[in-house]
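Q: Pasting a structure here, questions to come.
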Amino acid sequence: MATDTNGKHTDDLVLPTYARDDTSHPALHTPEYRSTALRNPQRPLHLLPQNLTEVTGPLLGHERVGEHDHDLTVQHEGEPLGERIVVSGRVLDSDGRPVPDTLVEVWQANAAGRYRHSGDRHPAPLDPNFSGVGRCMTDEQGRYRFVTIKPGAYPWRNHDNAWRPAHIHFSLFGRAFTQRLITQMYFPGDPLFFQDPIFQSVRDPKARERMICRFDLDSTIPEWALAYHFDIVLRGSRATPFENEDDDDDD
Amino acid sequence: MTNSPRARSQPTLGTTPSQTVGPFFALPEGLPWPDGPELVTEDTPHAFVLRGQLVDGAGDPVPDGLIEIWQADERGRFAHPDDPRGTTTSFRGFGRCATDQQGRFWFRTVRPGGLPTPRGEWEAPHIDVTVLARGMLNRLVTRIYFPDETRANAADPVLEAVEERRRKTLLAEHDDTGFRFDIRLQGDDETVFFVL
Ligand SMILES: [Fe+3]
């Protein structure tokens, strides 16, 4: 990069800047969720500037998505047990712009609240017709759509008689390393919210609501499946030229 | 040190909160991919294996973690349209590896090139890392630097902002197959983690 006689750079490397959204997220140290105790850093986090590595990110493509990956009800010989649901929505950024062509990955328990995972000790039945894994790409409007069955609640050992509300895990990349998000989608009116430290770890009630899908009559398939709508909002950016280097204080 | 924008329109939507990846992301066909750890094939010139272990505050391995890395290619290029220098590579740049019962993870990759910043600085070769696990309600971010890049590391603005005593937690070490980079979530030698 060229610099002028004052040592200021003259070619502008113009990068987008992704807005911080710290107030949306739970604290890494959330004592009610016991497993955070040994897994949250004790020292202050350093600020990482958003340079080239941070404003770019993996653009994983359609090669990661198989024909039936978006429909968790047709991945086996037979049909999974449970209540069929369509889960669809849009991936947007906080500026309201759609995030197109981005990989959405989901995983979930079966209708009985059991994961097809060797570590899941919940004595509820496995379903030979349900893997509980889905993938799809958003379209040019940021839309995604899954067909699945409604996951069951399941117990865990965090506290006495602890149950996780029904949820679907979501993984999103967006278009930049800054936008990477792992979240969980919950269902409206779940009676287990009050005692779930993971859901409650999001302190702002408005932010909490953003993890709850809404019933979506328009997307139901008559005589076949109910439907829920869930929009996911990633950090937004605006390309900002660094034209005012002079009043940019560095310290 | 931040490239804060001069003017930005107010965001209009609140972002979706982060939640833990939980213990079950590694179910069959789940998040880990068979070739997830391999950014390059074994016969790629200069390829090396980067190994590490994820350790919790009791010094115990974290057997249910997921490590993701993102990096430039050897010439410091990204296959990404937001790189204003142009897209001149097809390097995937992304790797994903679940930790095993001993908390271990690995990647096969190449050393990325150094990178210019919008402020006219030069970043030393580095790999961005996302750490996910049960018990972590948000991802942790760290960076891997290379121990033999003495001059480039000394000029790196991110390393420079970290107190000297802790900088070594961001440096990989040489080992038989390439490099080793352990991630310690807590303790005296807790890894430096970042917000961005
Ligand atoms: Fe779960």
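By order in the structure tokens, chains are A, B, ...; within a chain, residues start at 1; ligands start at 1, following the order shown.
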Could you give me, as a tab-separated table, every chain B residue with an atom at most 7 Å from chain A, plus its closest atom pair and distance in Å to one decimal, counting only C-alpha atoms, rows ordered by chain then number?
A:
```
residue	atom	partner	partner_atom	distance
B:Met1	CA	A:Asp250	CA	5.4
B:Thr2	CA	A:Pro49	CA	4.8
B:Asn3	CA	A:Pro49	CA	6.3
B:Pro5	CA	A:Thr240	CA	6.0
B:Pro11	CA	A:Asp95	CA	5.0
B:Thr12	CA	A:Asp95	CA	5.4
B:Leu13	CA	A:Ser94	CA	4.6
B:Gly14	CA	A:Ser94	CA	6.1
B:Thr15	CA	A:Val233	CA	4.6
B:Thr16	CA	A:Val233	CA	5.1
B:Pro17	CA	A:His25	CA	4.8
B:Ser18	CA	A:Thr183	CA	4.8
B:Gln19	CA	A:Thr183	CA	4.4
B:Thr20	CA	A:Thr183	CA	6.7
B:Val21	CA	A:Ile182	CA	6.3
B:Phe24	CA	A:His117	CA	6.3
B:Phe25	CA	A:Trp107	CA	6.8
B:Leu27	CA	A:His117	CA	4.8
B:Glu29	CA	A:Val133	CA	6.7
B:Gly30	CA	A:Val133	CA	5.8
B:Asp56	CA	A:Arg39	CA	5.6
B:Gly57	CA	A:Leu38	CA	4.5
B:Ala58	CA	A:Leu38	CA	6.6
B:Trp70	CA	A:Gly57	CA	6.8
B:Gln71	CA	A:Thr53	CA	6.5
B:His80	CA	A:Thr56	CA	6.1
B:Asp82	CA	A:Thr56	CA	6.2
B:Asp83	CA	A:Leu52	CA	6.8
B:Pro84	CA	A:Leu13	CA	6.7
B:Gly93	CA	A:Pro58	CA	6.9
B:Phe94	CA	A:Pro58	CA	5.9
B:Thr117	CA	A:Asn51	CA	5.9
B:Pro118	CA	A:Leu13	CA	4.9
B:Arg119	CA	A:His9	CA	6.9
B:Gly120	CA	A:His9	CA	5.3
B:Gly135	CA	A:Thr36	CA	4.3
B:Met136	CA	A:Thr36	CA	5.9
B:Leu137	CA	A:Leu28	CA	5.5
B:Asn138	CA	A:Leu28	CA	6.3
B:Val158	CA	A:Leu48	CA	6.9
B:Leu185	CA	A:Pro41	CA	5.4
B:Gln186	CA	A:Pro41	CA	5.1
B:Phe193	CA	A:Leu45	CA	5.3
B:Phe194	CA	A:His46	CA	4.6
B:Val195	CA	A:Leu47	CA	5.1
B:Leu196	CA	A:Leu48	CA	4.9
```
Q: May I have the selected residues written with N, CA and C atoms, as a CSV table (one decimal), in the first residue's frame?
A:
```
chain,number,residue,atom,x,y,z
B,1,MET,N,-7.7,2.1,17.2
B,1,MET,CA,-7.3,0.9,16.5
B,1,MET,C,-8.5,0.3,15.8
B,2,THR,N,-9.7,0.7,16.1
B,2,THR,CA,-10.9,0.2,15.4
B,2,THR,C,-11.0,1.0,14.1
B,3,ASN,N,-11.5,0.4,13.1
B,3,ASN,CA,-11.8,1.1,11.9
B,3,ASN,C,-13.3,1.6,12.0
B,5,PRO,N,-16.6,3.6,11.7
B,5,PRO,CA,-17.1,4.4,10.6
B,5,PRO,C,-17.3,5.9,11.0
B,11,PRO,N,-29.0,1.1,12.7
B,11,PRO,CA,-29.5,-0.2,12.3
B,11,PRO,C,-31.0,-0.2,12.6
B,12,THR,N,-31.7,-0.9,11.7
B,12,THR,CA,-33.2,-0.9,11.9
B,12,THR,C,-33.7,-2.1,12.6
B,13,LEU,N,-33.0,-3.2,12.6
B,13,LEU,CA,-33.4,-4.4,13.2
B,13,LEU,C,-32.5,-4.9,14.3
B,14,GLY,N,-33.0,-5.4,15.4
B,14,GLY,CA,-32.2,-6.0,16.4
B,14,GLY,C,-31.7,-7.3,15.9
B,15,THR,N,-30.5,-7.7,16.3
B,15,THR,CA,-30.0,-8.9,15.8
B,15,THR,C,-30.5,-10.1,16.6
B,16,THR,N,-30.5,-11.3,16.0
B,16,THR,CA,-30.9,-12.5,16.7
B,16,THR,C,-29.8,-12.9,17.7
B,17,PRO,N,-30.2,-13.1,19.0
B,17,PRO,CA,-29.2,-13.5,20.0
B,17,PRO,C,-28.5,-14.8,19.7
B,18,SER,N,-27.3,-14.9,20.2
B,18,SER,CA,-26.5,-16.1,20.1
B,18,SER,C,-27.0,-17.1,21.2
B,19,GLN,N,-26.9,-18.3,20.9
B,19,GLN,CA,-27.2,-19.4,21.9
B,19,GLN,C,-26.1,-20.4,21.8
B,20,THR,N,-26.0,-21.2,22.8
B,20,THR,CA,-24.9,-22.2,22.8
B,20,THR,C,-25.1,-23.2,21.7
B,21,VAL,N,-24.0,-23.8,21.2
B,21,VAL,CA,-24.1,-24.8,20.1
B,21,VAL,C,-24.6,-26.1,20.8
B,24,PHE,N,-24.9,-31.5,21.1
B,24,PHE,CA,-25.3,-32.5,20.1
B,24,PHE,C,-25.1,-32.1,18.7
B,25,PHE,N,-24.3,-31.1,18.4
B,25,PHE,CA,-24.2,-30.6,17.0
B,25,PHE,C,-23.5,-31.7,16.2
B,27,LEU,N,-24.1,-34.8,15.8
B,27,LEU,CA,-24.8,-36.0,15.4
B,27,LEU,C,-24.5,-36.4,14.0
B,29,GLU,N,-24.1,-36.8,10.3
B,29,GLU,CA,-24.4,-35.8,9.2
B,29,GLU,C,-24.6,-34.4,9.7
B,30,GLY,N,-24.3,-34.2,11.0
B,30,GLY,CA,-24.5,-32.9,11.6
B,30,GLY,C,-23.4,-31.8,11.2
B,56,ASP,N,-10.5,-26.6,29.4
B,56,ASP,CA,-11.4,-25.7,30.2
B,56,ASP,C,-10.7,-25.2,31.4
B,57,GLY,N,-11.4,-24.5,32.3
B,57,GLY,CA,-10.8,-23.8,33.4
B,57,GLY,C,-10.3,-24.8,34.5
B,58,ALA,N,-10.6,-26.1,34.4
B,58,ALA,CA,-10.1,-27.0,35.4
B,58,ALA,C,-8.9,-27.7,34.7
B,70,TRP,N,-10.7,-19.5,9.6
B,70,TRP,CA,-10.9,-18.7,8.4
B,70,TRP,C,-9.6,-18.0,8.1
B,71,GLN,N,-9.1,-18.1,6.9
B,71,GLN,CA,-7.8,-17.5,6.6
B,71,GLN,C,-7.6,-17.2,5.1
B,80,HIS,N,-13.5,-13.9,-2.0
B,80,HIS,CA,-14.6,-13.2,-1.4
B,80,HIS,C,-14.8,-11.8,-2.1
B,82,ASP,N,-16.0,-9.1,-1.1
B,82,ASP,CA,-15.7,-7.9,-0.3
B,82,ASP,C,-14.3,-7.6,-0.1
B,83,ASP,N,-13.4,-8.4,-0.7
B,83,ASP,CA,-12.0,-8.0,-0.7
B,83,ASP,C,-11.8,-7.0,-1.9
B,84,PRO,N,-11.6,-5.8,-1.5
B,84,PRO,CA,-11.5,-4.7,-2.6
B,84,PRO,C,-10.3,-4.9,-3.5
B,93,GLY,N,-10.3,-21.6,2.3
B,93,GLY,CA,-10.0,-20.7,3.5
B,93,GLY,C,-10.7,-21.1,4.8
B,94,PHE,N,-11.6,-22.0,4.7
B,94,PHE,CA,-12.5,-22.3,5.9
B,94,PHE,C,-12.3,-23.8,6.3
B,117,THR,N,-4.0,-3.3,6.0
B,117,THR,CA,-5.3,-2.8,6.7
B,117,THR,C,-5.7,-1.5,6.1
B,118,PRO,N,-6.9,-1.1,6.4
B,118,PRO,CA,-7.4,0.2,5.9
B,118,PRO,C,-6.5,1.4,6.4
B,119,ARG,N,-5.8,1.2,7.5
B,119,ARG,CA,-5.0,2.3,8.1
B,119,ARG,C,-3.5,2.3,7.6
B,120,GLY,N,-3.3,1.4,6.6
B,120,GLY,CA,-1.9,1.4,6.1
B,120,GLY,C,-1.0,0.6,6.9
B,135,GLY,N,-21.9,-25.0,27.0
B,135,GLY,CA,-21.4,-24.1,28.1
B,135,GLY,C,-20.9,-22.8,27.6
B,136,MET,N,-20.9,-22.6,26.3
B,136,MET,CA,-20.5,-21.2,25.8
B,136,MET,C,-21.7,-20.7,25.1
B,137,LEU,N,-22.2,-19.5,25.6
B,137,LEU,CA,-23.5,-19.0,25.1
B,137,LEU,C,-23.2,-18.1,23.9
B,138,ASN,N,-22.0,-17.8,23.6
B,138,ASN,CA,-21.6,-17.1,22.4
B,138,ASN,C,-20.3,-17.7,21.9
B,158,VAL,N,-2.7,-5.9,15.8
B,158,VAL,CA,-3.5,-6.7,16.7
B,158,VAL,C,-2.6,-7.2,17.9
B,185,LEU,N,-9.5,-21.9,27.8
B,185,LEU,CA,-10.6,-21.1,28.1
B,185,LEU,C,-10.5,-20.2,29.3
B,186,GLN,N,-9.7,-20.7,30.3
B,186,GLN,CA,-9.5,-20.0,31.6
B,186,GLN,C,-8.1,-20.3,32.1
B,193,PHE,N,-8.8,-13.8,23.8
B,193,PHE,CA,-10.0,-13.8,23.0
B,193,PHE,C,-10.4,-12.4,22.6
B,194,PHE,N,-11.1,-12.3,21.5
B,194,PHE,CA,-11.4,-11.0,21.0
B,194,PHE,C,-12.9,-10.8,20.9
B,195,VAL,N,-13.3,-9.6,20.9
B,195,VAL,CA,-14.7,-9.2,20.4
B,195,VAL,C,-14.4,-8.4,19.1
B,196,LEU,N,-15.3,-8.5,18.2
B,196,LEU,CA,-15.1,-7.8,16.9
B,196,LEU,C,-16.4,-7.2,16.4
```
Q: Write out as an MDAnalysis selection string all residues of stretch 4-196 of chain B that backbone DSSP assigns to strand (DSSP E).
A: chainID B and resid 48:55 65:70 94:98 104:109 115:116 122:123 126:133 140:145 173:175 178:180 183:184 194:195
Q: For the residues selected in the previous step, produce a file with C-alpha atoms as a tab-separated table (two decimals), in the first residue's frame.
A:
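Produced file result01.tsv, reproduced below:
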```tsv
chain	number	residue	atom	x	y	z
B	48	PHE	CA	1.13	-28.57	7.12
B	49	VAL	CA	-1.03	-29.88	9.91
B	50	LEU	CA	-2.07	-27.54	12.67
B	51	ARG	CA	-3.02	-29.41	15.83
B	52	GLY	CA	-4.33	-28.24	19.13
B	53	GLN	CA	-6.29	-29.00	22.21
B	54	LEU	CA	-9.24	-27.15	23.73
B	55	VAL	CA	-8.97	-27.03	27.53
B	65	GLY	CA	-16.18	-28.32	21.16
B	66	LEU	CA	-16.23	-27.17	17.54
B	67	ILE	CA	-13.35	-25.19	16.11
B	68	GLU	CA	-13.66	-23.23	12.88
B	69	ILE	CA	-10.89	-21.36	11.11
B	70	TRP	CA	-10.90	-18.72	8.38
B	94	PHE	CA	-12.47	-22.34	5.87
B	95	GLY	CA	-12.06	-25.35	8.11
B	96	ARG	CA	-14.25	-26.97	10.72
B	97	CYS	CA	-13.24	-29.65	13.21
B	98	ALA	CA	-15.07	-31.09	16.22
B	104	ARG	CA	-8.03	-32.32	20.27
B	105	PHE	CA	-8.62	-30.77	16.86
B	106	TRP	CA	-6.58	-30.48	13.67
B	107	PHE	CA	-6.51	-28.77	10.29
B	108	ARG	CA	-4.47	-29.23	7.15
B	109	THR	CA	-3.72	-25.87	5.64
B	115	LEU	CA	-2.54	-8.43	4.86
B	116	PRO	CA	-2.82	-4.66	4.45
B	122	TRP	CA	0.40	-4.59	7.72
B	123	GLU	CA	-1.00	-7.60	9.54
B	126	HIS	CA	-2.76	-15.09	10.89
B	127	ILE	CA	-5.75	-17.41	11.04
B	128	ASP	CA	-9.04	-16.32	12.60
B	129	VAL	CA	-10.59	-18.90	14.90
B	130	THR	CA	-14.14	-19.42	16.19
B	131	VAL	CA	-14.53	-21.61	19.28
B	132	LEU	CA	-17.93	-23.13	20.01
B	133	ALA	CA	-18.97	-25.56	22.74
B	140	LEU	CA	-15.21	-17.05	21.21
B	141	VAL	CA	-12.84	-15.58	18.66
B	142	THR	CA	-9.08	-15.81	18.69
B	143	ARG	CA	-6.22	-15.60	16.19
B	144	ILE	CA	-3.36	-17.92	15.40
B	145	TYR	CA	0.00	-16.33	14.53
B	173	GLU	CA	4.38	-23.59	18.26
B	174	HIS	CA	6.39	-25.73	15.88
B	175	ASP	CA	5.85	-29.47	16.15
B	178	GLY	CA	3.60	-28.43	11.42
B	179	PHE	CA	2.23	-26.33	14.22
B	180	ARG	CA	0.47	-26.68	17.51
B	183	ILE	CA	-6.84	-22.98	23.31
B	184	ARG	CA	-7.26	-22.45	27.05
B	194	PHE	CA	-11.42	-11.01	20.98
B	195	VAL	CA	-14.65	-9.19	20.39
```
Q: Report, in Å with one decimal, the straight-line distance from atom CA of B:Thr169 to atom CA of B:Glu190.
A: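 For atom CA of B:Thr169 relative to atom CA of B:Glu190, the distance reads 7.3 Å.
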Q: My list of candidates is A:Gly142, A:Pro31, A:Gly61, A:Pro165. Which is closest to A:Leu192 when distances are computed with only C-alpha atoms?
A: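 Counting only C-alpha atoms, the residue closest to A:Leu192 is A:Pro165.
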Q: Give me, as a ChimeraX atom specification, the residues of stretch 133-212 of chain A that a backbone DSSP run labels alpha helix (DSSP H).
A: /A:197-200,205-209
Q: Keeping only C-alpha atoms, write those residues as a PDB file, in the first residue's frame.
A:
```
ATOM      1  CA  PRO A 197     -31.262 -20.702  31.810  1.00  0.00           C
ATOM      2  CA  ILE A 198     -30.179 -20.865  28.178  1.00  0.00           C
ATOM      3  CA  PHE A 199     -33.254 -19.037  26.897  1.00  0.00           C
ATOM      4  CA  GLN A 200     -33.156 -16.705  29.922  1.00  0.00           C
ATOM      5  CA  PRO A 205     -36.969  -9.369  26.688  1.00  0.00           C
ATOM      6  CA  LYS A 206     -37.161  -7.889  23.187  1.00  0.00           C
ATOM      7  CA  ALA A 207     -34.031  -9.741  22.134  1.00  0.00           C
ATOM      8  CA  ARG A 208     -35.445 -12.921  23.658  1.00  0.00           C
ATOM      9  CA  GLU A 209     -38.549 -12.585  21.522  1.00  0.00           C
TER      10      GLU A 209
END
```
Q: What does the structure give for the distance between atom CA of A:His159 and atom CA of A:Pro125, in Å to one decimal?
A: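 Separation of atom CA of A:His159 and atom CA of A:Pro125: 23.2 Å.
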Q: Using only C-alpha atoms, determine which residues lie at most 8 Å from A:Leu81, disregarding the query and same-chain residues fewer than 6 positions distant; provide the list as a PyMOL selection string.
A: chain A and resi 111+127+129+149
Q: For ligand 1, which residue among A:Pro151, A:Phe193, A:Leu226, A:Arg157 is the nearest when counting only C-alpha atoms and all ligand atoms?
A: A:Pro151
